[in-house]
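Below is the file start14.txt, which contains compact mmCIF, C-alpha atoms and all ligand atoms.
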# COMPACT_ATOMS: atom_id res chain seq x y z
CA MET A 15 0.00 0.00 0.00
CA SER A 16 1.59 3.28 -1.08
CA HIS A 17 1.84 6.00 1.59
CA ASN A 18 2.41 8.55 -1.14
CA PRO A 19 -0.91 10.50 -1.23
CA PHE A 20 -0.18 11.58 -4.79
CA ASP A 21 0.23 8.03 -6.12
CA LEU A 22 -2.31 7.23 -8.84
CA SER A 23 -1.29 3.59 -9.29
CA GLY A 24 -4.26 1.37 -10.08
CA LYS A 25 -6.42 4.28 -11.19
CA THR A 26 -7.87 4.93 -14.66
CA ALA A 27 -8.11 8.52 -15.85
CA LEU A 28 -10.12 9.78 -18.83
CA VAL A 29 -8.87 13.14 -20.10
CA THR A 30 -11.02 14.75 -22.79
CA GLY A 31 -9.27 16.66 -25.54
CA SER A 32 -5.95 14.98 -24.71
CA SER A 33 -4.40 14.29 -28.12
CA ARG A 34 -2.42 17.53 -27.75
CA GLY A 35 -2.09 20.75 -25.75
CA LEU A 36 -2.95 21.05 -22.09
CA GLY A 37 -5.00 17.85 -22.19
CA PHE A 38 -2.08 15.77 -23.43
CA VAL A 39 0.32 17.29 -20.89
CA MET A 40 -2.11 16.62 -18.03
CA ALA A 41 -2.73 13.07 -19.26
CA ARG A 42 1.02 12.48 -19.38
CA GLY A 43 1.37 13.87 -15.85
CA LEU A 44 -1.37 11.60 -14.51
CA ALA A 45 0.25 8.62 -16.26
CA ARG A 46 3.65 9.50 -14.79
CA ALA A 47 1.96 9.49 -11.37
CA GLY A 48 0.86 5.91 -12.00
CA ALA A 49 -2.55 6.15 -13.65
CA ARG A 50 -3.68 4.31 -16.78
CA VAL A 51 -4.86 7.14 -19.04
CA LEU A 52 -7.57 7.08 -21.68
CA LEU A 53 -6.71 9.61 -24.38
CA ASN A 54 -9.66 11.32 -26.04
CA GLY A 55 -10.16 13.38 -29.15
CA VAL A 56 -11.61 13.13 -32.65
CA ASP A 57 -8.38 12.98 -34.70
CA ALA A 58 -7.34 9.30 -34.83
CA LYS A 59 -3.82 10.07 -36.10
CA ARG A 60 -3.17 12.61 -33.34
CA LEU A 61 -4.51 10.18 -30.74
CA GLN A 62 -2.27 7.37 -32.01
CA ALA A 63 0.75 9.68 -31.92
CA ALA A 64 -0.10 10.79 -28.40
CA GLN A 65 -0.51 7.18 -27.28
CA ALA A 66 2.79 6.20 -28.89
CA SER A 67 4.54 9.05 -27.12
CA LEU A 68 3.27 7.93 -23.71
CA LYS A 69 3.90 4.24 -24.39
CA GLY A 70 7.41 5.23 -25.48
CA GLU A 71 7.93 6.39 -21.90
CA GLY A 72 6.61 3.06 -20.64
CA LEU A 73 3.34 4.66 -19.50
CA ALA A 74 -0.12 3.04 -19.58
CA ALA A 75 -2.16 4.80 -22.25
CA ASP A 76 -5.13 3.74 -24.34
CA VAL A 77 -7.30 5.61 -26.82
CA LEU A 78 -11.00 6.38 -26.30
CA GLY A 79 -11.89 8.56 -29.26
CA PHE A 80 -15.25 10.34 -29.38
CA ASP A 81 -16.69 13.78 -30.12
CA VAL A 82 -17.42 15.35 -26.72
CA THR A 83 -20.34 17.30 -28.25
CA ASP A 84 -22.09 14.13 -29.47
CA GLU A 85 -24.10 12.77 -26.52
CA ALA A 86 -24.84 9.45 -28.23
CA LYS A 87 -21.11 8.92 -28.81
CA VAL A 88 -20.37 9.81 -25.17
CA VAL A 89 -22.97 7.34 -23.90
CA ALA A 90 -21.66 4.65 -26.26
CA ALA A 91 -18.08 5.24 -25.11
CA PHE A 92 -19.03 4.70 -21.48
CA GLY A 93 -21.04 1.63 -22.50
CA LYS A 94 -17.92 0.26 -24.17
CA LEU A 95 -15.92 0.87 -20.99
CA ASP A 96 -18.63 -0.88 -18.97
CA SER A 97 -18.49 -3.91 -21.26
CA GLU A 98 -14.70 -4.04 -20.91
CA GLY A 99 -14.93 -3.75 -17.11
CA THR A 100 -13.06 -0.44 -17.16
CA ALA A 101 -13.97 1.96 -14.36
CA VAL A 102 -13.10 5.63 -14.83
CA ASP A 103 -11.74 6.73 -11.44
CA ILE A 104 -10.62 10.16 -12.60
CA LEU A 105 -12.30 12.36 -15.21
CA VAL A 106 -10.62 15.50 -16.51
CA ASN A 107 -13.09 17.61 -18.52
CA ASN A 108 -10.52 19.48 -20.57
CA ALA A 109 -11.89 19.59 -24.13
CA GLY A 110 -12.40 23.15 -25.33
CA ILE A 111 -12.23 25.50 -28.28
CA GLN A 112 -11.71 29.22 -28.64
CA VAL A 113 -13.31 31.68 -31.09
CA ARG A 114 -12.29 35.32 -30.89
CA LYS A 115 -14.36 38.16 -32.36
CA PRO A 116 -16.44 41.11 -31.14
CA LEU A 117 -19.61 39.86 -29.43
CA LEU A 118 -21.77 41.85 -31.85
CA GLU A 119 -20.38 39.74 -34.70
CA PHE A 120 -20.92 36.28 -33.18
CA THR A 121 -23.55 34.07 -34.81
CA SER A 122 -25.80 31.90 -32.65
CA ASP A 123 -24.21 28.82 -34.20
CA GLU A 124 -20.73 30.00 -33.21
CA TRP A 125 -22.00 30.73 -29.70
CA ARG A 126 -23.59 27.25 -29.43
CA ARG A 127 -20.46 25.52 -30.75
CA VAL A 128 -18.28 27.08 -28.02
CA ILE A 129 -20.82 26.47 -25.25
CA ASP A 130 -21.45 22.89 -26.38
CA THR A 131 -17.75 22.03 -26.54
CA ASN A 132 -16.50 23.93 -23.48
CA LEU A 133 -19.44 23.57 -21.05
CA THR A 134 -22.22 21.18 -22.09
CA SER A 135 -19.72 18.41 -22.76
CA ALA A 136 -18.48 18.67 -19.16
CA PHE A 137 -22.05 18.17 -17.95
CA VAL A 138 -22.79 15.18 -20.25
CA ILE A 139 -19.47 13.40 -19.72
CA GLY A 140 -19.51 14.32 -16.03
CA ARG A 141 -22.99 12.84 -15.66
CA GLU A 142 -22.03 9.59 -17.40
CA ALA A 143 -18.86 9.23 -15.32
CA ALA A 144 -20.56 10.23 -12.06
CA ARG A 145 -23.39 7.71 -12.48
CA ARG A 146 -20.74 5.02 -12.29
CA MET A 147 -18.58 6.73 -9.64
CA VAL A 148 -21.61 7.17 -7.36
CA ALA A 149 -22.41 3.46 -7.72
CA ARG A 150 -18.84 2.68 -6.63
CA GLY A 151 -18.80 5.31 -3.87
CA HIS A 152 -15.75 7.19 -5.08
CA GLY A 153 -14.39 9.24 -7.97
CA LYS A 154 -12.54 12.41 -8.94
CA ILE A 155 -13.76 14.94 -11.46
CA ILE A 156 -11.54 17.83 -12.51
CA ASN A 157 -13.15 20.48 -14.72
CA ILE A 158 -10.78 22.74 -16.63
CA GLY A 159 -11.87 26.34 -16.31
CA SER A 160 -9.81 29.42 -17.03
CA LEU A 161 -8.93 32.88 -15.80
CA ALA A 162 -12.04 33.56 -17.85
CA SER A 163 -14.01 31.72 -15.16
CA GLU A 164 -13.51 34.92 -13.13
CA LEU A 165 -12.57 37.77 -15.48
CA ALA A 166 -13.66 38.90 -18.95
CA ARG A 167 -11.83 40.54 -21.78
CA PRO A 168 -13.19 41.69 -25.18
CA THR A 169 -13.60 39.21 -28.07
CA VAL A 170 -13.97 35.97 -26.10
CA ALA A 171 -17.53 36.21 -24.72
CA PRO A 172 -18.77 32.67 -25.49
CA TYR A 173 -15.56 31.15 -24.09
CA THR A 174 -15.83 33.33 -20.97
CA ALA A 175 -19.50 32.48 -20.45
CA ALA A 176 -18.66 28.78 -20.81
CA LYS A 177 -15.71 28.95 -18.40
CA GLY A 178 -17.80 30.88 -15.87
CA GLY A 179 -20.30 28.07 -16.21
CA ILE A 180 -17.55 25.52 -15.61
CA LYS A 181 -16.85 27.13 -12.23
CA MET A 182 -20.50 26.95 -11.15
CA LEU A 183 -21.02 23.47 -12.66
CA THR A 184 -18.02 22.36 -10.59
CA ARG A 185 -19.65 23.69 -7.44
CA SER A 186 -23.01 22.13 -8.40
CA MET A 187 -21.44 18.73 -9.01
CA ALA A 188 -19.55 19.03 -5.71
CA VAL A 189 -22.62 19.84 -3.60
CA GLU A 190 -24.69 17.03 -5.18
CA TRP A 191 -22.05 14.28 -5.23
CA ALA A 192 -19.74 14.93 -2.23
CA ALA A 193 -21.83 12.79 0.11
CA LYS A 194 -21.58 9.97 -2.41
CA GLY A 195 -17.79 9.91 -2.19
CA LEU A 196 -16.91 12.06 -5.20
CA GLN A 197 -14.60 15.08 -5.19
CA VAL A 198 -15.22 17.60 -7.94
CA ASN A 199 -12.85 20.53 -8.37
CA GLY A 200 -11.54 22.78 -11.14
CA ILE A 201 -8.28 24.06 -12.50
CA GLY A 202 -8.17 27.54 -14.01
CA PRO A 203 -5.17 27.97 -16.28
CA GLY A 204 -3.90 31.47 -16.91
CA TYR A 205 -2.25 32.44 -20.16
CA MET A 206 -0.41 29.27 -21.14
CA LEU A 207 1.90 28.61 -24.08
CA THR A 208 -0.47 26.48 -26.17
CA ASP A 209 -1.52 26.20 -29.83
CA MET A 210 -4.88 27.76 -28.91
CA ASN A 211 -3.06 30.91 -27.83
CA GLN A 212 -0.60 31.10 -30.72
CA ALA A 213 -2.37 34.15 -32.21
CA LEU A 214 -1.97 35.92 -28.87
CA MET A 215 1.65 34.87 -28.47
CA ASP A 216 2.39 36.32 -31.90
CA ASN A 217 0.73 39.64 -31.02
CA ALA A 218 3.26 42.15 -29.65
CA ASP A 219 0.59 44.44 -28.19
CA PHE A 220 -1.08 41.52 -26.39
CA ASN A 221 2.24 40.37 -24.97
CA THR A 222 3.00 43.89 -23.73
CA TRP A 223 -0.41 44.07 -22.02
CA LEU A 224 -0.08 40.60 -20.56
CA MET A 225 3.33 41.32 -19.03
CA THR A 226 1.78 44.31 -17.21
CA ARG A 227 -1.00 42.07 -15.85
CA VAL A 228 0.88 38.96 -14.77
CA PRO A 229 2.96 39.37 -11.59
CA ALA A 230 5.20 36.47 -12.73
CA LYS A 231 5.90 38.49 -15.92
CA ARG A 232 5.77 35.43 -18.18
CA TRP A 233 3.43 33.01 -19.96
CA GLY A 234 2.65 29.76 -18.18
CA LYS A 235 4.10 26.45 -19.34
CA PRO A 236 1.62 23.57 -19.86
CA ASP A 237 3.64 21.30 -17.55
CA GLU A 238 2.91 23.78 -14.75
CA LEU A 239 -0.66 22.45 -14.61
CA VAL A 240 0.42 18.88 -13.84
CA GLY A 241 0.98 19.30 -10.12
CA ALA A 242 -2.55 20.57 -9.51
CA ALA A 243 -4.01 17.87 -11.77
CA VAL A 244 -2.23 15.07 -9.91
CA PHE A 245 -3.15 16.64 -6.56
CA LEU A 246 -6.86 16.90 -7.42
CA ALA A 247 -6.83 13.40 -8.94
CA SER A 248 -5.24 11.85 -5.84
CA SER A 249 -6.22 10.92 -2.31
CA ALA A 250 -4.36 14.05 -1.17
CA SER A 251 -7.51 16.01 -2.08
CA ASP A 252 -10.16 13.70 -0.57
CA TYR A 253 -11.62 16.48 1.61
CA ILE A 254 -11.48 19.21 -1.05
CA ASN A 255 -14.65 19.89 -3.05
CA GLY A 256 -16.01 22.62 -5.28
CA GLN A 257 -12.74 24.52 -5.41
CA MET A 258 -11.00 26.18 -8.36
CA ILE A 259 -7.21 26.26 -8.37
CA TYR A 260 -5.94 29.07 -10.59
CA ILE A 261 -2.54 28.55 -12.18
CA ASP A 262 -2.00 32.03 -13.53
CA GLY A 263 1.31 33.50 -12.34
CA GLY A 264 -0.63 35.60 -9.85
CA MET A 265 -2.78 37.36 -12.45
CA LEU A 266 -6.07 36.99 -10.55
CA ALA A 267 -4.46 38.37 -7.38
CA SER A 268 -3.42 41.55 -9.15
CA MET A 269 -5.41 44.73 -9.89
C1 LIG B 1 -7.91 34.49 -24.71
C2 LIG B 1 -7.27 33.20 -24.30
C3 LIG B 1 -7.63 32.83 -22.87
C4 LIG B 1 -6.72 31.73 -22.39
C5 LIG B 1 -6.99 31.28 -21.01
C6 LIG B 1 -6.91 32.40 -20.05
O1 LIG B 1 -8.17 34.67 -25.90
O2 LIG B 1 -8.07 35.35 -23.80
O3 LIG B 1 -7.63 32.15 -25.17
O4 LIG B 1 -8.97 32.46 -22.81
O5 LIG B 1 -6.83 30.65 -23.25
O6 LIG B 1 -8.22 30.61 -20.94
O7 LIG B 1 -7.09 31.87 -18.77

Written as structure tokens, that's how I'd like the structure from this file.
Amino acid sequence: MSHNPFDLSGKTALVTGSSRGLGFVMARGLARAGARVLLNGVDAKRLQAAQASLKGEGLAADVLGFDVTDEAKVVAAFGKLDSEGTAVDILVNNAGIQVRKPLLEFTSDEWRRVIDTNLTSAFVIGREAARRMVARGHGKIINIGSLASELARPTVAPYTAAKGGIKMLTRSMAVEWAAKGLQVNGIGPGYMLTDMNQALMDNADFNTWLMTRVPAKRWGKPDELVGAAVFLASSASDYINGQMIYIDGGMLASM
């Protein structure tokens, strides 16, 4: 029996949107902490490459590809896991997209696509995972929010609304499922060096603004999310529920 409270040996973790970016880095971190990870996405080639990368490190990684916005596919994926006898002990709701434009120019379809991917999917996948976790009396759900769970900036209204919803969905899940042995918390990344933010990283004016707003005076590195992900996925957080951990270089603490 490991006395390391951060040991994830024997656990299975499903990380949505984990063929690349923050999702892949968190999946790798959970695997390095001992978990068997289920990699999720819609691009089979990317998923195979991600799996090969983790297996190349001797880590336990399988692929569970489905579109997080397709409820029937989500339900079928969990049915497949049931039939294989695979229990998801840890769910990381990470999948998300970004669309940037003035709110007045957004179409309803664009709005719905962001909300469906970034928020509704966390509800649907969270519900499917939690039904099984509740039956077993334990489980960890980690919803990936954002600085935008707390603060807004122009041009990212749907994303911000979705990430604000992630914070309150996290609290709702926590208050309904804590007594059933589940811990549901969130991670709010700040401005991280990811493909999704490439347009911002390439923008000199944005970088100048950001460096005035972040006390750490730098962008975050994706690996800097792993510690919080392992912590919230492990027994070290068994009495923590409904919390958001912001990994933002101090940005939220600063006026
Ligand atoms: C943006 C960015 C942000 C970051 C991150 C901030 O356009 O402002 O995409 O949303 O991705 O979520 O915490």

Residues within 8 Å of ligand LIG 1 (chain B), counting all atoms listed in the file, as a list in words: Gln112, Val113, Arg114, Gly159, Ser160, Leu161, Ala162, Ser163, Arg167, Thr169, Val170, Tyr173, Thr174, Gly202, Pro203, Gly204, Tyr205, Met206, Met210, Asn211, Leu214 and Asp262 of chain A

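Among the candidates A:Thr184, A:Thr30, A:Asn199, A:Asn217, the one nearest to Val88 of chain A when counting all atoms listed in the file is A:Thr30.
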
Nearest-residue call for Asp103 of chain A, choices A:Thr222, A:Ser268, A:Thr26, A:Asn255, using all atoms listed in the file: A:Thr26

Residue nearest Ala101 of chain A among A:Ala75, A:Val56, A:Ala136, A:Ala27 (counting all atoms listed in the file): A:Ala27

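As for atom CA of Val82 of chain A and atom CA of Ala193 of chain A, they are spaced 27.3 Å apart.
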
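Across A:Leu239, A:Leu183, A:Leu22, A:Val244, the tightest approach to Gly256 of chain A is made by A:Leu183 when counting only C-alpha atoms.
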
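Distance annotation: of A:Ala171, A:Val89, A:Leu36, A:Ile104, the residue with the minimal separation from Arg141 of chain A is A:Val89; atom set is only C-alpha atoms.
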
Compile a residue-level contact table for segment 172-192 of chain A against segment 123-129 of chain A at a cut-off of 8 Å, reporting for every qualifying residue the shortest atom pair and its distance in Å to one decimal, with all atoms listed in the file counted, rows ordered by chain and ascending number, as a Markdown table.
| residue | atom | partner | partner_atom | distance |
| --- | --- | --- | --- | --- |
| A:Pro172 | CA | A:Trp125 | CA | 5.6 |
| A:Tyr173 | CA | A:Val128 | CA | 6.3 |
| A:Ala175 | CA | A:Ile129 | CA | 7.8 |
| A:Ala176 | CA | A:Ile129 | CA | 5.5 |
